[in-house]
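Report on the following structure.
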Amino acid sequence: MSDFAINVQQLYRHFGPLKAVNGISFQIPHGSVCGFVGANGAGKTTTMRILASLDYPTLGRAEICGYDVVSYPEEVRRLIGWMPDHFGNYDHMTVVEYLDFYARALGYRGKERRLRVQEVVDFTDLGSLAERFSNKLSKGNTQRLGLARALLQDPQVLIMDEPAAGLDPKARVELKSLIRVLAQEGKTIFISSHILSELGEMCDSLLFINGGRIVHHGDAESMKQNTDNGGLLYDVQLLGDPAELASWCLLQPKVEMIEARKHGARLRIPSSDVQDAADLLQRMVKDGLKITEFHREERNLEDAFIDMLGKIDRESRTPSVPPPLPASAAPSSNYDAL
């Protein structure tokens, strides 16, 4: 068996001038849960489609349990369960008929097929919906149906692209519970989501991609630490128009308003000294702001992600000046002419 369930080395996928995936490398150990995070258009879905053998890389290598996705697509498809962000249903086909159809396509026959369909129906709690038309389900139940289909062949690696998108809070909790059970069974799960707090709770590691490049790979705590700018966050609530607080912040050289809220704002101050926070509150009151709440907040993954993107954006806009070449390395006139 390969050392890694997923092994990606210098993977590129270009669509003309668009560099959707631009030289990424990472490894996911067997039996772990990895969250794949990035803004829309960052390269998440393209990477996942390559891993599912549904797209070809421009350059580089991707392996599932040691099998190259380009050279051995059939072996890869036997090992994975693929849950895309959107998938089609069929008119006038019930939930159990839908799963039975895919079980037949996977080669299950007779009693074994019926047992396998029943197992995934029970696991995803679709029993009460078994006779309902598959294209008439709610968003949450549709996602459970997609998960059931992905689990039919009992895959070693489960690749899930935005499975929680559009789900209500109850459905998200149910999906998270199912993923935890699968992880306890030893399956490797590679899951993309925009709900970073939930990923932080259930993932062993987080993989952040931006502009087709990996910008962080580690656990949730290391993510927070690596992008921490040394400041502290405070939730401030006040009586009156919150715009007054926003205007006041603009005049303060060491106060940053990072999020407007219904009755106040979320602020960052660069100092970790509690005395500076006390001075800040004193200035607010002195300047006539009617503060009703002022308390420190823990930094979350959303903060870390936004900070990281901001840092990358600032670095991209800072021109880099290469060091001058020594005289012996100066380009020749022939090279200049090319």
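Scheme for the structure tokens: letters A, B, ... for chains in order shown; per-chain residue numbers from 1; ligand numbers from 1 in order shown.
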His194 of chain A environment, 8 Å, only C-alpha atoms, sequence neighbours closer than 5 positions dropped, as a list in words: Val37, Gly38, Ala39, Glu162 and Ala165 of chain A
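The residues of segment 188-250 of chain A that DSSP classifies as helix (DSSP H, G or I), using the backbone of this structure, are Leu196, Ser197, Glu198, Leu199, Gly200, Glu201, Met202, Ala220, Glu221, Ser222, Met223, Lys224, Gln225, Asn226, Pro242, Ala243, Glu244, Leu245, Ala246, Ser247, Trp248, Cys249 and Leu250 of chain A.
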Would you put the residues from that selection into a file with C-alpha atoms, as a PDB file, in the first residue's frame?
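Result file follows (out_33.pdb):
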```
ATOM      1  CA  LEU A 196     -14.399  27.062   8.002  1.00  0.00           C
ATOM      2  CA  SER A 197     -15.458  26.706  11.634  1.00  0.00           C
ATOM      3  CA  GLU A 198     -17.008  23.307  10.934  1.00  0.00           C
ATOM      4  CA  LEU A 199     -13.971  22.154   8.978  1.00  0.00           C
ATOM      5  CA  GLY A 200     -11.753  23.136  11.880  1.00  0.00           C
ATOM      6  CA  GLU A 201     -13.811  20.939  14.203  1.00  0.00           C
ATOM      7  CA  MET A 202     -13.792  17.753  12.148  1.00  0.00           C
ATOM      8  CA  ALA A 220      -6.408  24.699  12.478  1.00  0.00           C
ATOM      9  CA  GLU A 221      -4.204  26.038  15.258  1.00  0.00           C
ATOM     10  CA  SER A 222      -1.133  26.379  13.059  1.00  0.00           C
ATOM     11  CA  MET A 223      -3.298  28.227  10.538  1.00  0.00           C
ATOM     12  CA  LYS A 224      -4.286  30.785  13.159  1.00  0.00           C
ATOM     13  CA  GLN A 225      -0.726  31.203  14.406  1.00  0.00           C
ATOM     14  CA  ASN A 226       0.882  31.534  10.992  1.00  0.00           C
ATOM     15  CA  PRO A 242     -23.228  52.096  14.486  1.00  0.00           C
ATOM     16  CA  ALA A 243     -21.981  54.449  11.763  1.00  0.00           C
ATOM     17  CA  GLU A 244     -20.755  56.718  14.554  1.00  0.00           C
ATOM     18  CA  LEU A 245     -18.367  53.977  15.660  1.00  0.00           C
ATOM     19  CA  ALA A 246     -17.207  53.420  12.074  1.00  0.00           C
ATOM     20  CA  SER A 247     -16.483  57.129  11.637  1.00  0.00           C
ATOM     21  CA  TRP A 248     -14.644  57.250  14.960  1.00  0.00           C
ATOM     22  CA  CYS A 249     -12.437  54.307  13.948  1.00  0.00           C
ATOM     23  CA  LEU A 250     -11.349  56.097  10.775  1.00  0.00           C
TER      24      LEU A 250
END
```
For atom CA of Leu239 of chain A and atom CA of Leu289 of chain A, the interatomic separation in Å (one decimal):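 Separation of atom CA of Leu239 of chain A and atom CA of Leu289 of chain A: 7.9 Å.
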One-decimal distance in Å that lies between atom CA of Lys19 of chain A and atom CA of Phe4 of chain A: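 Taking atom CA of Phe4 of chain A and atom CA of Lys19 of chain A, their separation equals 26.2 Å.
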10 Å contact set for Asp125 of chain A, only C-alpha atoms, chain neighbours under 4 positions out, as a PyMOL selection string: chain A and resi 119-121+129-130+141+144-145+148+174+178
Just the selected residues (N, CA and C atoms), exported as a PDB file, in the first residue's frame, please.
```pdb
ATOM      1  N   GLU A 119     -27.848  -0.986   3.201  1.00  0.00           N
ATOM      2  CA  GLU A 119     -26.820  -0.513   4.136  1.00  0.00           C
ATOM      3  C   GLU A 119     -26.604   0.993   4.014  1.00  0.00           C
ATOM      4  N   VAL A 120     -26.485   1.487   2.780  1.00  0.00           N
ATOM      5  CA  VAL A 120     -26.243   2.928   2.626  1.00  0.00           C
ATOM      6  C   VAL A 120     -27.499   3.732   2.923  1.00  0.00           C
ATOM      7  N   VAL A 121     -28.685   3.164   2.658  1.00  0.00           N
ATOM      8  CA  VAL A 121     -29.931   3.834   3.021  1.00  0.00           C
ATOM      9  C   VAL A 121     -30.005   3.991   4.537  1.00  0.00           C
ATOM     10  N   LEU A 129     -37.552   7.995   3.265  1.00  0.00           N
ATOM     11  CA  LEU A 129     -37.684   8.657   1.963  1.00  0.00           C
ATOM     12  C   LEU A 129     -37.485   7.687   0.805  1.00  0.00           C
ATOM     13  N   ALA A 130     -37.392   6.401   1.098  1.00  0.00           N
ATOM     14  CA  ALA A 130     -37.020   5.410   0.087  1.00  0.00           C
ATOM     15  C   ALA A 130     -37.942   5.412  -1.125  1.00  0.00           C
ATOM     16  N   ASN A 141     -31.731  16.552   2.033  1.00  0.00           N
ATOM     17  CA  ASN A 141     -31.936  15.141   1.695  1.00  0.00           C
ATOM     18  C   ASN A 141     -31.285  14.782   0.361  1.00  0.00           C
ATOM     19  N   ARG A 144     -27.768  14.069   1.178  1.00  0.00           N
ATOM     20  CA  ARG A 144     -27.644  12.740   1.791  1.00  0.00           C
ATOM     21  C   ARG A 144     -27.729  11.640   0.732  1.00  0.00           C
ATOM     22  N   LEU A 145     -28.568  11.864  -0.272  1.00  0.00           N
ATOM     23  CA  LEU A 145     -28.658  10.904  -1.366  1.00  0.00           C
ATOM     24  C   LEU A 145     -27.342  10.861  -2.143  1.00  0.00           C
ATOM     25  N   ALA A 148     -24.931   8.877  -0.143  1.00  0.00           N
ATOM     26  CA  ALA A 148     -25.251   7.448  -0.229  1.00  0.00           C
ATOM     27  C   ALA A 148     -24.726   6.854  -1.535  1.00  0.00           C
ATOM     28  N   GLU A 174     -26.218  17.182  10.718  1.00  0.00           N
ATOM     29  CA  GLU A 174     -26.384  15.773  10.350  1.00  0.00           C
ATOM     30  C   GLU A 174     -25.267  15.314   9.419  1.00  0.00           C
ATOM     31  N   LEU A 178     -22.290  12.402  10.038  1.00  0.00           N
ATOM     32  CA  LEU A 178     -21.997  11.285   9.137  1.00  0.00           C
ATOM     33  C   LEU A 178     -20.514  11.245   8.773  1.00  0.00           C
TER      34      LEU A 178
END
```
Strand (DSSP E or B) residues, from DSSP on the backbone, in segment 173-273 of chain A, as an MDAnalysis selection string: chainID A and resid 188:192 205:210 213:218 232:239 256:261 264:269
Selected residues written out, N, CA and C atoms, as a short mmCIF file (atom, residue, chain, number, x, y, z; two decimals), in the first residue's frame:
```
data_model
loop_
_atom_site.label_atom_id
_atom_site.label_comp_id
_atom_site.auth_asym_id
_atom_site.auth_seq_id
_atom_site.Cartn_x
_atom_site.Cartn_y
_atom_site.Cartn_z
N THR A 188 -10.43 7.81 4.33
CA THR A 188 -9.76 9.08 4.07
C THR A 188 -10.78 10.01 3.41
N ILE A 189 -10.92 11.21 3.96
CA ILE A 189 -11.93 12.14 3.45
C ILE A 189 -11.27 13.45 3.07
N PHE A 190 -11.50 13.85 1.84
CA PHE A 190 -10.98 15.11 1.30
C PHE A 190 -12.19 15.96 0.97
N ILE A 191 -12.42 17.03 1.74
CA ILE A 191 -13.68 17.75 1.68
C ILE A 191 -13.44 19.25 1.54
N SER A 192 -14.12 19.85 0.58
CA SER A 192 -14.04 21.31 0.43
C SER A 192 -15.29 21.94 1.02
N SER A 205 -6.44 18.12 9.20
CA SER A 205 -5.59 19.15 8.58
C SER A 205 -6.43 19.98 7.63
N LEU A 206 -5.92 21.18 7.34
CA LEU A 206 -6.57 22.10 6.41
C LEU A 206 -5.59 22.47 5.32
N LEU A 207 -6.08 22.43 4.10
CA LEU A 207 -5.27 22.75 2.93
C LEU A 207 -5.88 23.99 2.27
N PHE A 208 -5.13 25.10 2.27
CA PHE A 208 -5.64 26.35 1.71
C PHE A 208 -5.02 26.58 0.34
N ILE A 209 -5.88 26.89 -0.63
CA ILE A 209 -5.42 27.16 -1.99
C ILE A 209 -5.89 28.55 -2.39
N ASN A 210 -5.03 29.27 -3.09
CA ASN A 210 -5.37 30.61 -3.56
C ASN A 210 -4.69 30.85 -4.90
N ARG A 213 -2.51 28.00 -6.17
CA ARG A 213 -1.32 27.60 -5.42
C ARG A 213 -1.68 27.30 -3.97
N ILE A 214 -0.98 26.34 -3.38
CA ILE A 214 -1.17 26.03 -1.97
C ILE A 214 -0.48 27.10 -1.13
N VAL A 215 -1.23 27.69 -0.20
CA VAL A 215 -0.66 28.75 0.65
C VAL A 215 -0.55 28.32 2.11
N HIS A 216 -1.18 27.19 2.47
CA HIS A 216 -1.04 26.68 3.84
C HIS A 216 -1.50 25.23 3.88
N HIS A 217 -0.78 24.40 4.65
CA HIS A 217 -1.21 23.03 4.90
C HIS A 217 -0.82 22.68 6.33
N GLY A 218 -1.80 22.51 7.18
CA GLY A 218 -1.54 22.20 8.58
C GLY A 218 -2.85 22.14 9.34
N LEU A 232 -5.18 42.00 18.75
CA LEU A 232 -6.30 41.38 19.44
C LEU A 232 -7.61 41.89 18.85
N LEU A 233 -8.65 41.07 18.91
CA LEU A 233 -9.95 41.40 18.37
C LEU A 233 -10.92 41.71 19.51
N TYR A 234 -11.77 42.72 19.28
CA TYR A 234 -12.75 43.11 20.29
C TYR A 234 -14.10 43.32 19.63
N ASP A 235 -15.13 42.84 20.32
CA ASP A 235 -16.51 43.10 19.90
C ASP A 235 -17.00 44.32 20.68
N VAL A 236 -17.45 45.33 19.95
CA VAL A 236 -17.91 46.58 20.57
C VAL A 236 -19.36 46.81 20.18
N GLN A 237 -20.23 46.99 21.17
CA GLN A 237 -21.64 47.29 20.96
C GLN A 237 -21.94 48.66 21.58
N LEU A 238 -22.85 49.38 20.93
CA LEU A 238 -23.17 50.71 21.46
C LEU A 238 -24.63 51.06 21.21
N LEU A 239 -25.12 52.04 21.97
CA LEU A 239 -26.43 52.62 21.71
C LEU A 239 -26.29 53.68 20.62
N GLU A 256 -8.49 49.18 13.76
CA GLU A 256 -9.00 48.72 12.46
C GLU A 256 -10.37 48.09 12.66
N MET A 257 -11.36 48.58 11.96
CA MET A 257 -12.68 47.95 11.99
C MET A 257 -12.71 46.86 10.92
N ILE A 258 -12.81 45.62 11.34
CA ILE A 258 -12.74 44.52 10.38
C ILE A 258 -14.12 43.96 10.02
N GLU A 259 -15.15 44.32 10.80
CA GLU A 259 -16.49 43.83 10.48
C GLU A 259 -17.53 44.72 11.13
N ALA A 260 -18.44 45.27 10.32
CA ALA A 260 -19.57 46.04 10.87
C ALA A 260 -20.64 45.07 11.34
N ARG A 261 -21.25 45.40 12.46
CA ARG A 261 -22.30 44.57 13.01
C ARG A 261 -23.55 45.41 13.27
N GLY A 264 -22.93 47.60 16.34
CA GLY A 264 -21.54 47.97 16.64
C GLY A 264 -20.59 47.48 15.58
N ALA A 265 -19.48 46.92 16.04
CA ALA A 265 -18.46 46.48 15.08
C ALA A 265 -17.47 45.54 15.78
N ARG A 266 -16.69 44.90 14.95
CA ARG A 266 -15.59 44.06 15.43
C ARG A 266 -14.31 44.81 15.09
N LEU A 267 -13.49 45.06 16.10
CA LEU A 267 -12.30 45.88 15.93
C LEU A 267 -11.03 45.06 16.19
N ARG A 268 -9.95 45.51 15.56
CA ARG A 268 -8.64 44.94 15.85
C ARG A 268 -7.72 46.06 16.30
N ILE A 269 -6.97 45.80 17.37
CA ILE A 269 -5.92 46.73 17.77
C ILE A 269 -4.60 45.96 17.73
#
```
Using only C-alpha atoms, find each residue in segment 113-173 of chain A having at least one atom no more than 7 Å away from segment 89-100 of chain A; report its shortest atom-to-atom pair and that distance in Å (one decimal), rows by chain then rising number, as a Markdown table.
```
| residue | atom | partner | partner_atom | distance |
| --- | --- | --- | --- | --- |
| A:Val117 | CA | A:Leu99 | CA | 6.3 |
| A:Leu129 | CA | A:Val95 | CA | 6.8 |
| A:Ala130 | CA | A:Val95 | CA | 5.0 |
| A:Glu131 | CA | A:Thr94 | CA | 5.2 |
| A:Arg132 | CA | A:Thr94 | CA | 5.1 |
| A:Phe133 | CA | A:Thr94 | CA | 4.1 |
| A:Ser134 | CA | A:Val95 | CA | 4.9 |
| A:Asn135 | CA | A:Asn89 | CA | 5.4 |
| A:Arg149 | CA | A:Leu99 | CA | 6.2 |
```
Could the residues in this selection be written to a file with N, CA and C atoms, as a short mmCIF file (atom, residue, chain, number, x, y, z; two decimals), in the first residue's frame?
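Below you can see out-v5.cif, which holds the result:
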```
data_model
loop_
_atom_site.label_atom_id
_atom_site.label_comp_id
_atom_site.auth_asym_id
_atom_site.auth_seq_id
_atom_site.Cartn_x
_atom_site.Cartn_y
_atom_site.Cartn_z
N VAL A 117 -27.49 -1.65 -1.00
CA VAL A 117 -28.37 -0.49 -1.08
C VAL A 117 -29.01 -0.22 0.28
N LEU A 129 -37.55 7.99 3.26
CA LEU A 129 -37.68 8.66 1.96
C LEU A 129 -37.49 7.69 0.81
N ALA A 130 -37.39 6.40 1.10
CA ALA A 130 -37.02 5.41 0.09
C ALA A 130 -37.94 5.41 -1.12
N GLU A 131 -39.23 5.69 -0.93
CA GLU A 131 -40.19 5.64 -2.03
C GLU A 131 -40.52 7.03 -2.57
N ARG A 132 -39.80 8.02 -2.11
CA ARG A 132 -40.03 9.38 -2.61
C ARG A 132 -39.21 9.58 -3.88
N PHE A 133 -39.74 10.39 -4.83
CA PHE A 133 -39.00 10.65 -6.07
C PHE A 133 -37.71 11.39 -5.74
N SER A 134 -36.63 10.94 -6.35
CA SER A 134 -35.30 11.47 -6.02
C SER A 134 -35.12 12.92 -6.42
N ASN A 135 -35.89 13.39 -7.40
CA ASN A 135 -35.76 14.78 -7.84
C ASN A 135 -36.73 15.72 -7.10
N ARG A 149 -24.92 7.57 -2.62
CA ARG A 149 -24.41 7.08 -3.91
C ARG A 149 -22.89 6.96 -3.90
#
```
Val274 of chain A environment, 12 Å, only C-alpha atoms, sequence neighbours closer than 3 positions dropped, as JSON, numbers by chain: {"A": [231, 232, 233, 234, 269, 270, 271, 277, 278, 279, 280, 281, 295, 296]}
Kindly export the residues of the current selection with N, CA and C atoms, as a tab-separated table (two decimals), in the first residue's frame.
```
chain	number	residue	atom	x	y	z
A	231	GLY	N	-2.12	41.26	16.91
A	231	GLY	CA	-3.17	42.11	17.46
A	231	GLY	C	-4.24	41.29	18.16
A	232	LEU	N	-5.18	42.00	18.75
A	232	LEU	CA	-6.30	41.38	19.44
A	232	LEU	C	-7.61	41.89	18.85
A	233	LEU	N	-8.65	41.07	18.91
A	233	LEU	CA	-9.95	41.40	18.37
A	233	LEU	C	-10.92	41.71	19.51
A	234	TYR	N	-11.77	42.72	19.28
A	234	TYR	CA	-12.75	43.11	20.29
A	234	TYR	C	-14.10	43.32	19.63
A	269	ILE	N	-6.97	45.80	17.37
A	269	ILE	CA	-5.92	46.73	17.77
A	269	ILE	C	-4.60	45.96	17.73
A	270	PRO	N	-3.52	46.60	17.31
A	270	PRO	CA	-2.26	45.88	17.08
A	270	PRO	C	-1.57	45.41	18.35
A	271	SER	N	-1.92	45.99	19.49
A	271	SER	CA	-1.22	45.66	20.73
A	271	SER	C	-1.90	44.52	21.47
A	277	ALA	N	-6.05	48.23	25.50
A	277	ALA	CA	-7.48	48.01	25.30
A	277	ALA	C	-8.29	48.89	26.25
A	278	ALA	N	-7.83	48.99	27.49
A	278	ALA	CA	-8.51	49.85	28.46
A	278	ALA	C	-8.48	51.31	28.02
A	279	ASP	N	-7.33	51.74	27.49
A	279	ASP	CA	-7.22	53.12	27.00
A	279	ASP	C	-8.16	53.36	25.82
A	280	LEU	N	-8.29	52.34	24.96
A	280	LEU	CA	-9.18	52.45	23.81
A	280	LEU	C	-10.61	52.66	24.27
A	281	LEU	N	-11.06	51.86	25.21
A	281	LEU	CA	-12.42	52.00	25.73
A	281	LEU	C	-12.62	53.37	26.37
A	295	HIS	N	-15.76	43.48	24.68
A	295	HIS	CA	-15.08	42.28	25.15
A	295	HIS	C	-14.21	41.68	24.05
A	296	ARG	N	-13.18	40.99	24.50
A	296	ARG	CA	-12.23	40.38	23.58
A	296	ARG	C	-12.82	39.14	22.94
```
Between atom CA of Met160 of chain A and atom CA of Gly212 of chain A - distance in Å to one decimal: 18.6 Å
Proximity to Ile195 of chain A - best of A:Gly81, A:Pro57, A:Pro163, A:Gly88, only C-alpha atoms: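 Between A:Gly81, A:Pro57, A:Pro163, A:Gly88, the residue approaching Ile195 of chain A most closely is A:Pro163.
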Closest of A:Gln282, A:Ser272, A:Ser32, A:Thr142 to Leu182 of chain A - atom-to-atom distances counting only C-alpha atoms: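 For Leu182 of chain A, the nearest of the given residues is A:Ser32.
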